[in-house]
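Enquirer: My structure file data_31.tsv, TSV, C-alpha atoms, is below:
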chain	number	residue	atom	x	y	z
W	1	LEU	CA	0.70	-14.32	14.37
W	2	VAL	CA	-1.97	-15.67	12.05
W	3	ALA	CA	-3.88	-17.08	15.02
W	4	LEU	CA	-3.76	-13.71	16.78
W	5	SER	CA	-5.01	-11.99	13.64
W	6	GLY	CA	-7.87	-14.46	13.33
W	7	LEU	CA	-8.75	-14.06	17.00
W	8	MET	CA	-8.77	-10.30	16.61
W	9	GLN	CA	-11.03	-10.46	13.54
W	10	GLU	CA	-13.47	-12.93	15.07
W	11	SER	CA	-13.61	-11.91	18.72
W	12	MET	CA	-12.79	-8.27	19.22
W	13	VAL	CA	-15.54	-5.66	19.51
W	14	ARG	CA	-15.33	-3.12	16.70
W	15	GLY	CA	-14.59	-0.19	18.98
W	16	VAL	CA	-11.87	2.42	19.07
W	17	GLY	CA	-9.24	-0.10	20.20
W	18	TRP	CA	-9.98	-2.41	17.28
W	19	ARG	CA	-9.82	0.51	14.85
W	20	PHE	CA	-6.41	1.53	16.18
W	21	MET	CA	-5.15	-2.04	15.83
W	22	GLU	CA	-6.44	-2.10	12.24
W	23	LEU	CA	-4.85	1.29	11.55
W	24	GLY	CA	-1.52	-0.01	12.85
W	25	LYS	CA	-1.73	-3.21	10.84
W	26	ARG	CA	-2.68	-1.44	7.60
W	27	LEU	CA	-0.09	1.29	8.09
W	28	GLU	CA	2.66	-1.22	8.77
W	29	ARG	CA	1.68	-3.33	5.75
W	30	ALA	CA	1.58	-0.26	3.48
W	31	GLN	CA	5.04	0.80	4.63
W	32	GLN	CA	6.33	-2.76	4.16
W	33	ILE	CA	4.96	-2.82	0.59
W	34	ILE	CA	6.65	0.50	-0.17
W	35	THR	CA	9.98	-0.68	1.25
W	36	THR	CA	9.80	-3.96	-0.67
W	37	LEU	CA	8.91	-2.19	-3.92
W	38	ARG	CA	11.76	0.27	-3.49
W	39	SER	CA	14.21	-2.56	-2.83
W	40	LEU	CA	13.15	-4.90	-5.62
W	41	MET	CA	11.58	-2.79	-8.36
W	42	VAL	CA	13.38	0.57	-8.38
W	43	PRO	CA	16.79	-0.80	-9.48
W	44	VAL	CA	16.90	-1.58	-13.19
W	45	THR	CA	18.29	-5.03	-13.95
W	46	ASN	CA	18.51	-7.30	-16.98
W	47	GLU	CA	15.35	-9.09	-18.08
W	48	ALA	CA	16.15	-12.41	-16.38
W	49	ASP	CA	16.94	-10.72	-13.05
W	50	GLN	CA	13.88	-8.50	-13.40
W	51	SER	CA	11.70	-11.61	-13.79
W	52	THR	CA	13.33	-13.12	-10.70
W	53	MET	CA	12.76	-9.90	-8.73
W	54	LEU	CA	9.11	-9.77	-9.81
W	55	ASN	CA	8.66	-13.40	-8.77
W	56	ALA	CA	10.27	-12.66	-5.39
W	57	LEU	CA	7.95	-9.67	-4.94
W	58	LEU	CA	4.85	-11.71	-5.75
W	59	VAL	CA	5.91	-14.56	-3.45
W	60	SER	CA	6.75	-12.22	-0.56
W	61	MET	CA	3.37	-10.50	-0.92
W	62	GLU	CA	1.57	-13.86	-1.17
W	63	VAL	CA	-0.04	-13.00	-4.53
W	64	LEU	CA	1.85	-15.27	-6.94
W	65	ILE	CA	-1.12	-17.62	-7.39
W	66	THR	CA	-3.46	-14.69	-8.03
W	67	TYR	CA	-1.01	-13.27	-10.56
W	68	ARG	CA	-0.71	-16.59	-12.41
W	69	ARG	CA	-4.45	-17.17	-12.36
W	70	ARG	CA	-5.20	-13.73	-13.80
W	71	HIS	CA	-2.45	-13.53	-16.36
W	72	ARG	CA	-1.88	-17.18	-17.30
W	73	ASN	CA	0.95	-17.07	-19.86
W	74	ARG	CA	1.47	-13.32	-19.89
W	75	THR	CA	4.13	-11.94	-17.62
W	76	GLY	CA	5.52	-8.53	-17.08
W	77	LEU	CA	6.54	-5.97	-14.57
W	78	GLU	CA	3.56	-3.75	-15.31
W	79	LEU	CA	1.08	-6.57	-14.64
W	80	GLY	CA	2.82	-7.45	-11.38
W	81	LEU	CA	2.96	-3.87	-10.16
W	82	GLU	CA	-0.68	-3.33	-11.05
W	83	LEU	CA	-1.61	-6.25	-8.78
W	84	VAL	CA	0.70	-5.16	-5.95
W	85	MET	CA	0.12	-1.41	-6.09
W	86	LEU	CA	-3.21	-0.55	-7.69
W	87	ASP	CA	-5.63	-3.45	-7.30
W	88	PRO	CA	-8.42	-2.42	-4.90
W	89	THR	CA	-9.65	-6.05	-4.70
W	90	ASN	CA	-6.27	-7.46	-3.63
W	91	PRO	CA	-6.04	-7.38	0.18
W	92	ARG	CA	-2.24	-7.30	-0.18
W	93	SER	CA	-2.08	-4.28	-2.48
W	94	LEU	CA	-0.91	-0.83	-1.50
W	95	LEU	CA	-4.15	0.78	-2.64
W	96	PHE	CA	-6.18	-1.67	-0.56
W	97	GLN	CA	-4.16	-0.71	2.54
W	98	LEU	CA	-4.60	3.03	1.95
W	99	GLU	CA	-8.34	2.70	1.36
W	100	ALA	CA	-8.68	0.57	4.51
W	101	LEU	CA	-6.86	3.29	6.46
W	102	GLN	CA	-9.33	5.83	5.08
W	103	ARG	CA	-12.32	3.73	6.13
W	104	HIS	CA	-11.01	3.26	9.66
W	105	ILE	CA	-9.88	6.83	10.30
W	106	VAL	CA	-13.31	8.32	9.57
W	107	GLU	CA	-14.84	5.99	12.16
W	108	LEU	CA	-12.68	7.30	15.00
W	109	PRO	CA	-14.32	9.80	17.35
W	110	ARG	CA	-13.76	13.45	16.45
W	111	ALA	CA	-13.74	16.44	18.75
W	112	ASP	CA	-16.10	18.34	16.44
W	113	LYS	CA	-18.26	16.05	14.31
W	114	THR	CA	-20.25	18.92	12.81
W	115	ARG	CA	-17.35	20.31	10.77
W	116	GLY	CA	-17.25	19.21	7.18
W	117	GLU	CA	-13.54	19.93	7.02
W	118	LEU	CA	-11.12	17.03	6.79
W	119	GLU	CA	-8.79	16.38	9.70
W	120	GLU	CA	-5.06	16.60	8.91
W	121	GLU	CA	-4.63	12.82	9.01
W	122	GLU	CA	-7.57	12.43	6.61
W	123	ARG	CA	-5.92	14.93	4.27
W	124	ALA	CA	-2.66	12.98	4.30
W	125	LEU	CA	-4.49	9.75	3.43
W	126	LEU	CA	-6.57	11.42	0.73
W	127	GLU	CA	-3.41	12.82	-0.83
W	128	ALA	CA	-1.74	9.39	-0.69
W	129	VAL	CA	-4.73	7.59	-2.28
W	130	THR	CA	-5.14	10.27	-4.94
W	131	THR	CA	-1.43	10.31	-5.76
W	132	LEU	CA	-1.38	6.53	-6.11
W	133	ARG	CA	-4.57	6.38	-8.18
W	134	LEU	CA	-3.32	9.10	-10.55
W	135	SER	CA	-0.03	7.32	-11.17
W	136	ARG	CA	0.54	5.65	-14.52
W	137	LEU	CA	2.51	2.42	-14.47
W	138	PRO	CA	4.07	2.77	-17.94
W	139	GLN	CA	5.49	6.15	-16.91
W	140	LEU	CA	6.67	4.80	-13.55
W	141	LEU	CA	8.51	1.97	-15.29
W	142	THR	CA	10.42	4.13	-17.76
W	143	THR	CA	14.14	4.16	-17.20
W	144	LYS	CA	16.83	6.63	-18.14
W	145	THR	CA	19.38	5.56	-15.57
W	146	ALA	CA	20.09	2.50	-13.44
W	147	THR	CA	16.95	3.20	-11.40
W	148	ARG	CA	13.27	3.79	-12.06
W	149	GLU	CA	13.33	7.35	-10.77
W	150	ASP	CA	9.61	8.09	-11.19
W	151	LEU	CA	8.65	4.93	-9.30
W	152	ASP	CA	11.14	5.75	-6.55
W	153	ARG	CA	9.86	9.32	-6.30
W	154	LEU	CA	6.23	8.12	-6.04
W	155	LEU	CA	7.06	5.55	-3.38
W	156	GLN	CA	9.10	8.07	-1.41
W	157	GLN	CA	6.22	10.56	-1.52
W	158	LEU	CA	3.75	7.92	-0.34
W	159	ASP	CA	6.10	6.86	2.45
W	160	GLU	CA	6.41	10.46	3.64
W	161	LEU	CA	2.62	10.91	3.59
W	162	LEU	CA	2.22	7.72	5.63
W	163	GLN	CA	4.84	8.89	8.12
W	164	ASP	CA	2.94	12.18	8.44
W	165	PHE	CA	-0.29	10.24	8.92
W	166	ASN	CA	1.34	8.10	11.60
W	167	SER	CA	2.60	11.16	13.48
W	168	LEU	CA	-0.77	12.91	13.27
W	169	VAL	CA	-2.66	9.88	14.58
W	170	SER	CA	-0.07	9.24	17.31
W	171	ASP	CA	-0.35	12.82	18.52
W	172	LYS	CA	-4.09	12.51	19.14
Have the structure of the file written as structure tokens, please.
Expert:
Amino acid sequence: LVALSGLMQESMVRGVGWRFMELGKRLERAQQIITTLRSLMVPVTNEADQSTMLNALLVSMEVLITYRRRHRNRTGLELGLELVMLDPTNPRSLLFQLEALQRHIVELPRADKTRGELEEEERALLEAVTTLRLSRLPQLLTTKTATREDLDRLLQQLDELLQDFNSLVSDK
């Protein structure tokens, strides 16, 4: 899989086909991040289990070394989620995936290039990026029950927007 990805990056002409492959890869990764976050971070657990869950998240997303390098002796759920969700420089973050989707979708051919109006799929992505960027981690991590309801609600909303985006692009 890694070899195929490298071959695609190094050898494929940056045409419509390449853009669709990139869209698929970024969309799938974004949905995987959302699913992983909902599974590991939405349930509230004791501090030891929470640390284990955060470590599992960072390992599964291949960002544990980056996390340790940046934060040295500091640890915490907020720091981990910032890296996984909101870091535009982390190629494994949710925000990075959404912004990559935005860059690729505007490069696809449009029926009417003169209109300044956003296409429906562009609107769905803009809403997803804006929603994610406007989120506040301390608020998302507050708990009143056995789950982090605000985090779950945000992730569910983003997942629905990505499903809408997928349908809109597939219908073209």
Enquirer: Closest to W:Val84 among W:Val16, W:Leu23, W:Ala30, W:Ala100, using only C-alpha atoms?
Expert: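 Among the listed residues, W:Ala30 lies closest to W:Val84.
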Enquirer: Using all atoms listed in the file, find each residue of stretch 13-34 of chain W with at least one atom at most 12 Å away from an atom of stretch 43-65 of chain W; report its shortest atom-to-atom pair and that distance in Å (one decimal), sort the rows by chain and rising residue number, and return the result as CSV.
Expert:
residue,atom,partner,partner_atom,distance
W:Arg29,CA,W:Met61,CA,9.9
W:Ala30,CA,W:Met61,CA,11.3
W:Gln32,CA,W:Met61,CA,9.7
W:Ile33,CA,W:Met61,CA,8.0
W:Ile34,CA,W:Leu57,CA,11.3
Enquirer: Which one of W:Leu168, W:Leu83, W:Leu108, W:Leu40 sits closest to W:Arg68 if you count all atoms listed in the file?
Expert: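 Smallest distance to W:Arg68 is found for W:Leu83.
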Enquirer: Give the answer as one residue: which of W:Arg103, W:Glu82, W:Leu126, W:Glu120 has the shortest atom-to-atom distance to W:Arg70, using all atoms listed in the file?
Expert: W:Glu82
Enquirer: Which residue out of W:Arg74, W:Arg148, W:Arg92, W:His104 has the minimum interatomic distance to W:Gly24 when only C-alpha atoms are used?
Expert: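 Checking each candidate against W:Gly24, we get W:His104 as the closest.
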Enquirer: Calculate how many Å separate atom CA of W:Gly116 from atom CA of W:Ser135, rounding to one decimal.
Expert: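 Interatomic distance here is 27.8 Å.
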Enquirer: State, in Å with one decimal place, the distance from atom CA of W:Ser170 to atom CA of W:Arg38.
Expert: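 Atom-to-atom, atom CA of W:Ser170 to atom CA of W:Arg38, that is 25.6 Å.
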Enquirer: Work out how far apart atom CA of W:Gly76 and atom CA of W:Glu99 are and give it in Å to one decimal.
Expert: 25.7 Å
Enquirer: Which residues come within 12 Å of W:Arg123, counting all atoms listed in the file, excluding same-chain residues fewer than 6 positions away, as a list in words?
Expert: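 Selected residues are Leu101, Gln102, Ile105, Val106, Glu117, Val129, Thr130, Thr131, Leu161, Leu162, Asp164, Phe165, Leu168 and Val169 of chain W.
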Enquirer: Which is closer to W:Leu132 than all the others in W:Arg153, W:Arg110, W:Lys172, W:Lys144, using only C-alpha atoms?
Expert: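 Smallest separation from W:Leu132 among the options: W:Arg153.
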Enquirer: Which one of W:Tyr67, W:Gln31, W:Pro109, W:Gln139 sits closest to W:Leu95 if you count only C-alpha atoms?
Expert: W:Gln31
Enquirer: Could you give me the centre and size, in Å to one decimal, of an axis-aligned box around all listed atoms of stretch 144-147 of chain W with 5 Å added on every side, as lines of an AutoDock Vina configuration file?
Expert:
center_x = 18.5
center_y = 4.6
center_z = -14.8
size_x = 13.3
size_y = 14.1
size_z = 16.7
Enquirer: List the neighbours of W:Arg136 out to 12 Å using all atoms listed in the file; skip same-chain residues closer than 6 positions along the sequence, and give me the result as a list of chain:residue names.
Expert: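 So, after excluding close chain neighbours, the residues are W:Glu78, W:Leu81, W:Glu82, W:Met85, W:Leu86, W:Thr142, W:Asp150, W:Leu151, W:Leu154.
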Enquirer: Go ahead and write the residues just picked, C-alpha atoms, as an mmCIF file, in the coordinates of the input.
Expert:
data_model
loop_
_atom_site.group_PDB
_atom_site.id
_atom_site.type_symbol
_atom_site.label_atom_id
_atom_site.label_comp_id
_atom_site.auth_asym_id
_atom_site.auth_seq_id
_atom_site.Cartn_x
_atom_site.Cartn_y
_atom_site.Cartn_z
ATOM 1 C CA GLU W 78 3.560 -3.750 -15.310
ATOM 2 C CA LEU W 81 2.960 -3.870 -10.160
ATOM 3 C CA GLU W 82 -0.680 -3.330 -11.050
ATOM 4 C CA MET W 85 0.120 -1.410 -6.090
ATOM 5 C CA LEU W 86 -3.210 -0.550 -7.690
ATOM 6 C CA THR W 142 10.420 4.130 -17.760
ATOM 7 C CA ASP W 150 9.610 8.090 -11.190
ATOM 8 C CA LEU W 151 8.650 4.930 -9.300
ATOM 9 C CA LEU W 154 6.230 8.120 -6.040
#
